[in-house]
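Undergrad: Have a look at this one before I ask anything.
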Amino acid sequence: MRNVLWLLQMGLLYAVTLPIGVMPLRLALRVGSLIGLMGYFIWGSRRRIAVDNISHAIRAGFIDNSVPAAELTKEHFRNLGMYAAEIVKVYHGFGNKILDRIEVEGIDNYHRAREKGKGILLITGHCGNWELLALAVSCKVSPVGAVARPINNPYLNSLIEGVRKRYGNSVIYKKGALRAIISQIRNGGTVGILIDQSVLPSEGVVVEFLGRPAWAIKSPGLIARKTGAPVVPVFIKRRDNGHHLVKIHPEVELSDAEDIERAVLEDTKRFTSFVERYVMENPAEWLWIHRRWKRI
């Protein structure tokens with residue numbers, strides 16, 4: 001019975017998304033923006049989370065208070081709709097135009113890190129179209145092992161995994177991920193990790209993020225110290241002309257503290273600061289609907 005339901009979900013998803021997939025890109029983005037705006041009004045629980053998160057960031061002085069939190073939340077939902085439209089086009093096989101319009105800045109930073117021969121750990125967040133970021137890096141820079149959670153529907157999960165592999169990525173699922181990450185890095189590979197979600201206390205350390213304490217994942221610092229892999233921040237943002245810009249930052253210098261716990265805490269603060277800076281510069285492009293400050 002469960003398999004039947006999963007297949008029905010796939011059929012419905014295909015029927016709903018195919019029209020967007022075959023649309024001209026400009027029209028698809030307009031439709032996506034409209035769907036995102038509808039989501040703002042319909043998905044009340046997430047809208048309230050986003051407004052509350054943004055309000056806190058405004059009061060803490062990390063976001064300009066000239067735009068009300070509700071208006072910024074609307075813009076955020078529109079962006080989510082456009083991101084979804086772009087990914088739908090990619091997954092239906094109509095994404096070449098989107099990928100061709102992505103520019104990469106700072107590729108020399110990647111190559112300098114690569115020259116160390118230790119593999120590379122890319123860190124990023126739910127910033128801009130982060131799913132598109134993984135595909136763009138694999139197409140224009142280097143194949144990436146992307147750490148991800150499996151989707152409950154196995155047919156949908158297989159579809160997504162297949163598309164990621166088609167563009168040069170491999171998928172490292174979170175269950176048992178540490179061993180696979182270290183193996184890939186030690187073999188000279190590149191692994192990408194999203195670092196901006198709330199984690200269990202056993203998996204993280206508490207850092208200041210947008211003026212509030214938050215649990216942040218500590219494994220990037222531990223992995224970097226165990227393997228010697230350089231940690232390179234990479235982010236994507238939408239440009240005014242509808243294109244995207246991928247920015248690769250220089251390698252992050254790790255803490256020189258002798259105490260490992262203190263060193264990992266300092267490393268995690270440094271990594272988190274890149275996400276924080278992105279949010280300050282692009283406030284409508286971060287995933288505000290996530291309960292980032294839970295468990296505190």
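Simple scheme: letters A, B, ... for chains in structure tokens order, numbers from 1 for residues in each chain, numbers from 1 for ligands in the order shown.
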Within segment 14-259 of chain A, find each residue whose DSSP state, derived from the backbone, is strand (DSSP E), and express the selection as a PyMOL selection string.
TA: chain A and resi 102-105+120-124+145-148+170-173+190-194+204-209+212-217+231-238+244-248
Undergrad: Put those residues in a file: N, CA and C atoms, as a compact mmCIF listing (two decimals), in the first residue's frame.
TA:
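Saved to again_32.txt:
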```
# COMPACT_ATOMS: atom_id res chain seq x y z
N ILE A 102 25.08 30.88 -14.86
CA ILE A 102 25.71 30.99 -13.55
C ILE A 102 27.18 31.37 -13.72
N GLU A 103 27.58 32.43 -13.05
CA GLU A 103 28.97 32.88 -13.08
C GLU A 103 29.67 32.43 -11.80
N VAL A 104 30.96 32.17 -11.90
CA VAL A 104 31.74 31.72 -10.75
C VAL A 104 32.83 32.75 -10.47
N GLU A 105 32.88 33.21 -9.24
CA GLU A 105 33.90 34.17 -8.79
C GLU A 105 34.77 33.50 -7.72
N ILE A 120 39.10 18.67 -0.26
CA ILE A 120 38.53 19.97 0.10
C ILE A 120 37.19 19.77 0.79
N LEU A 121 36.96 20.54 1.83
CA LEU A 121 35.66 20.57 2.50
C LEU A 121 35.00 21.91 2.19
N LEU A 122 33.95 21.87 1.37
CA LEU A 122 33.19 23.08 1.06
C LEU A 122 32.11 23.26 2.10
N ILE A 123 31.97 24.48 2.63
CA ILE A 123 30.89 24.77 3.56
C ILE A 123 29.99 25.84 2.96
N THR A 124 28.71 25.69 3.20
CA THR A 124 27.73 26.66 2.72
C THR A 124 26.51 26.58 3.62
N GLY A 145 30.88 15.64 -3.47
CA GLY A 145 30.09 14.71 -2.68
C GLY A 145 29.21 15.53 -1.74
N ALA A 146 27.92 15.56 -2.01
CA ALA A 146 27.01 16.41 -1.24
C ALA A 146 26.37 15.60 -0.12
N VAL A 147 26.47 16.12 1.10
CA VAL A 147 25.86 15.47 2.25
C VAL A 147 24.38 15.86 2.30
N ALA A 148 23.49 14.86 2.34
CA ALA A 148 22.06 15.13 2.27
C ALA A 148 21.27 14.12 3.08
N SER A 170 28.10 13.20 -6.29
CA SER A 170 27.74 11.98 -5.57
C SER A 170 26.97 12.41 -4.33
N VAL A 171 26.22 11.48 -3.77
CA VAL A 171 25.39 11.80 -2.60
C VAL A 171 25.90 11.01 -1.41
N ILE A 172 26.15 11.71 -0.30
CA ILE A 172 26.54 11.08 0.95
C ILE A 172 25.39 11.27 1.93
N TYR A 173 24.72 10.19 2.28
CA TYR A 173 23.56 10.32 3.16
C TYR A 173 24.03 10.45 4.61
N THR A 190 36.19 16.27 -3.11
CA THR A 190 35.58 17.47 -2.54
C THR A 190 34.23 17.10 -1.95
N VAL A 191 33.98 17.54 -0.74
CA VAL A 191 32.71 17.26 -0.06
C VAL A 191 32.08 18.58 0.36
N GLY A 192 30.78 18.71 0.15
CA GLY A 192 30.05 19.92 0.53
C GLY A 192 29.10 19.65 1.69
N ILE A 193 29.09 20.56 2.67
CA ILE A 193 28.24 20.40 3.85
C ILE A 193 27.48 21.70 4.11
N LEU A 194 26.19 21.58 4.37
CA LEU A 194 25.37 22.71 4.83
C LEU A 194 25.57 22.85 6.33
N GLY A 204 26.84 19.36 18.15
CA GLY A 204 27.25 20.73 17.89
C GLY A 204 27.83 21.47 19.07
N VAL A 205 28.05 22.75 18.84
CA VAL A 205 28.49 23.68 19.86
C VAL A 205 27.62 24.92 19.74
N VAL A 206 27.55 25.69 20.81
CA VAL A 206 26.72 26.90 20.79
C VAL A 206 27.56 28.09 20.34
N VAL A 207 27.06 28.80 19.32
CA VAL A 207 27.72 29.99 18.82
C VAL A 207 26.70 31.11 18.70
N GLU A 208 27.17 32.33 18.60
CA GLU A 208 26.27 33.46 18.35
C GLU A 208 25.98 33.54 16.86
N PHE A 209 24.70 33.59 16.52
CA PHE A 209 24.31 33.71 15.12
C PHE A 209 23.19 34.73 14.99
N ARG A 212 21.86 35.88 18.44
CA ARG A 212 21.29 34.92 19.39
C ARG A 212 22.13 33.65 19.44
N PRO A 213 22.22 33.00 20.60
CA PRO A 213 22.95 31.73 20.66
C PRO A 213 22.20 30.65 19.90
N ALA A 214 22.96 29.81 19.19
CA ALA A 214 22.35 28.75 18.40
C ALA A 214 23.29 27.55 18.36
N TRP A 215 22.71 26.37 18.31
CA TRP A 215 23.53 25.17 18.13
C TRP A 215 24.01 25.12 16.68
N ALA A 216 25.31 24.90 16.50
CA ALA A 216 25.90 24.81 15.16
C ALA A 216 26.69 23.52 15.03
N ILE A 217 26.65 22.92 13.87
CA ILE A 217 27.32 21.64 13.64
C ILE A 217 28.83 21.78 13.81
N VAL A 231 39.19 24.14 4.44
CA VAL A 231 37.76 24.45 4.50
C VAL A 231 37.52 25.70 3.67
N VAL A 232 36.67 25.57 2.65
CA VAL A 232 36.45 26.65 1.69
C VAL A 232 34.96 27.01 1.66
N PRO A 233 34.59 28.22 2.07
CA PRO A 233 33.17 28.64 2.00
C PRO A 233 32.77 28.94 0.55
N VAL A 234 31.56 28.55 0.19
CA VAL A 234 31.04 28.82 -1.15
C VAL A 234 29.55 29.12 -1.06
N PHE A 235 29.11 30.16 -1.77
CA PHE A 235 27.71 30.59 -1.70
C PHE A 235 27.21 30.99 -3.08
N ILE A 236 25.89 31.01 -3.23
CA ILE A 236 25.26 31.42 -4.48
C ILE A 236 24.21 32.48 -4.18
N LYS A 237 24.10 33.46 -5.06
CA LYS A 237 23.04 34.46 -4.90
C LYS A 237 22.52 34.86 -6.27
N ARG A 238 21.28 35.30 -6.29
CA ARG A 238 20.65 35.74 -7.53
C ARG A 238 21.09 37.17 -7.85
N HIS A 244 22.81 33.95 -11.76
CA HIS A 244 23.29 33.63 -10.42
C HIS A 244 24.79 33.81 -10.37
N LEU A 245 25.28 34.16 -9.19
CA LEU A 245 26.71 34.28 -8.95
C LEU A 245 27.12 33.30 -7.87
N VAL A 246 28.08 32.43 -8.18
CA VAL A 246 28.68 31.56 -7.18
C VAL A 246 29.98 32.20 -6.74
N LYS A 247 30.12 32.42 -5.44
CA LYS A 247 31.34 33.03 -4.91
C LYS A 247 32.08 32.02 -4.05
N ILE A 248 33.33 31.74 -4.43
CA ILE A 248 34.19 30.85 -3.66
C ILE A 248 35.17 31.70 -2.86
```
Undergrad: Quick one: pick out all alpha helix (DSSP H) residues within segment 62-273 of chain A from a backbone DSSP run and write them as a ChimeraX atom specification.
TA: /A:69-91,96-100,107-114,130-140,154-166,177-186,219-227,260-273
Undergrad: Within 10 Å of Arg225 of chain A, counting only C-alpha atoms, which residues show up once you throw out same-chain ones fewer than 6 positions away? Write them as a list in words, please.
TA: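 Near neighbours after the sequence-gap exclusion: Ser219, Leu254, Ile260, Ala263 and Val264 of chain A.
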Undergrad: Using only C-alpha atoms, find the one residue out of A:Lys116, A:Arg47, A:Arg179, A:Lys174 that sits nearest to Lys74 of chain A.
TA: A:Arg47
Undergrad: Name the residues in contact with segment 20-35 of chain A at a cut-off of 6 Å, using only C-alpha atoms, excluding same-chain residues fewer than 3 positions from it; report them as a short mmCIF file (atom, residue, chain, number, x, y, z; two decimals) with C-alpha atoms, in the first residue's frame.
TA:
```cif
data_model
loop_
_atom_site.label_atom_id
_atom_site.label_comp_id
_atom_site.auth_asym_id
_atom_site.auth_seq_id
_atom_site.Cartn_x
_atom_site.Cartn_y
_atom_site.Cartn_z
CA THR A 17 5.64 20.32 -12.16
CA MET A 38 0.63 32.00 -2.30
CA ARG A 78 8.81 34.61 -3.59
CA GLY A 81 9.11 29.83 -5.30
CA MET A 82 11.61 30.92 -7.94
CA ALA A 85 10.84 26.65 -10.41
CA VAL A 88 11.91 21.82 -11.46
CA LYS A 89 13.27 22.85 -14.86
CA HIS A 92 12.76 17.81 -16.00
#
```
Undergrad: What is the atom CA of Val199 of chain A to atom CA of Ile185 of chain A distance in Å?
TA: 23.0 Å
Undergrad: Smallest atom-to-atom distance to Gly162 of chain A: which of A:Pro250, A:Glu266, A:Gly125, A:Gly93, using only C-alpha atoms?
TA: A:Gly93
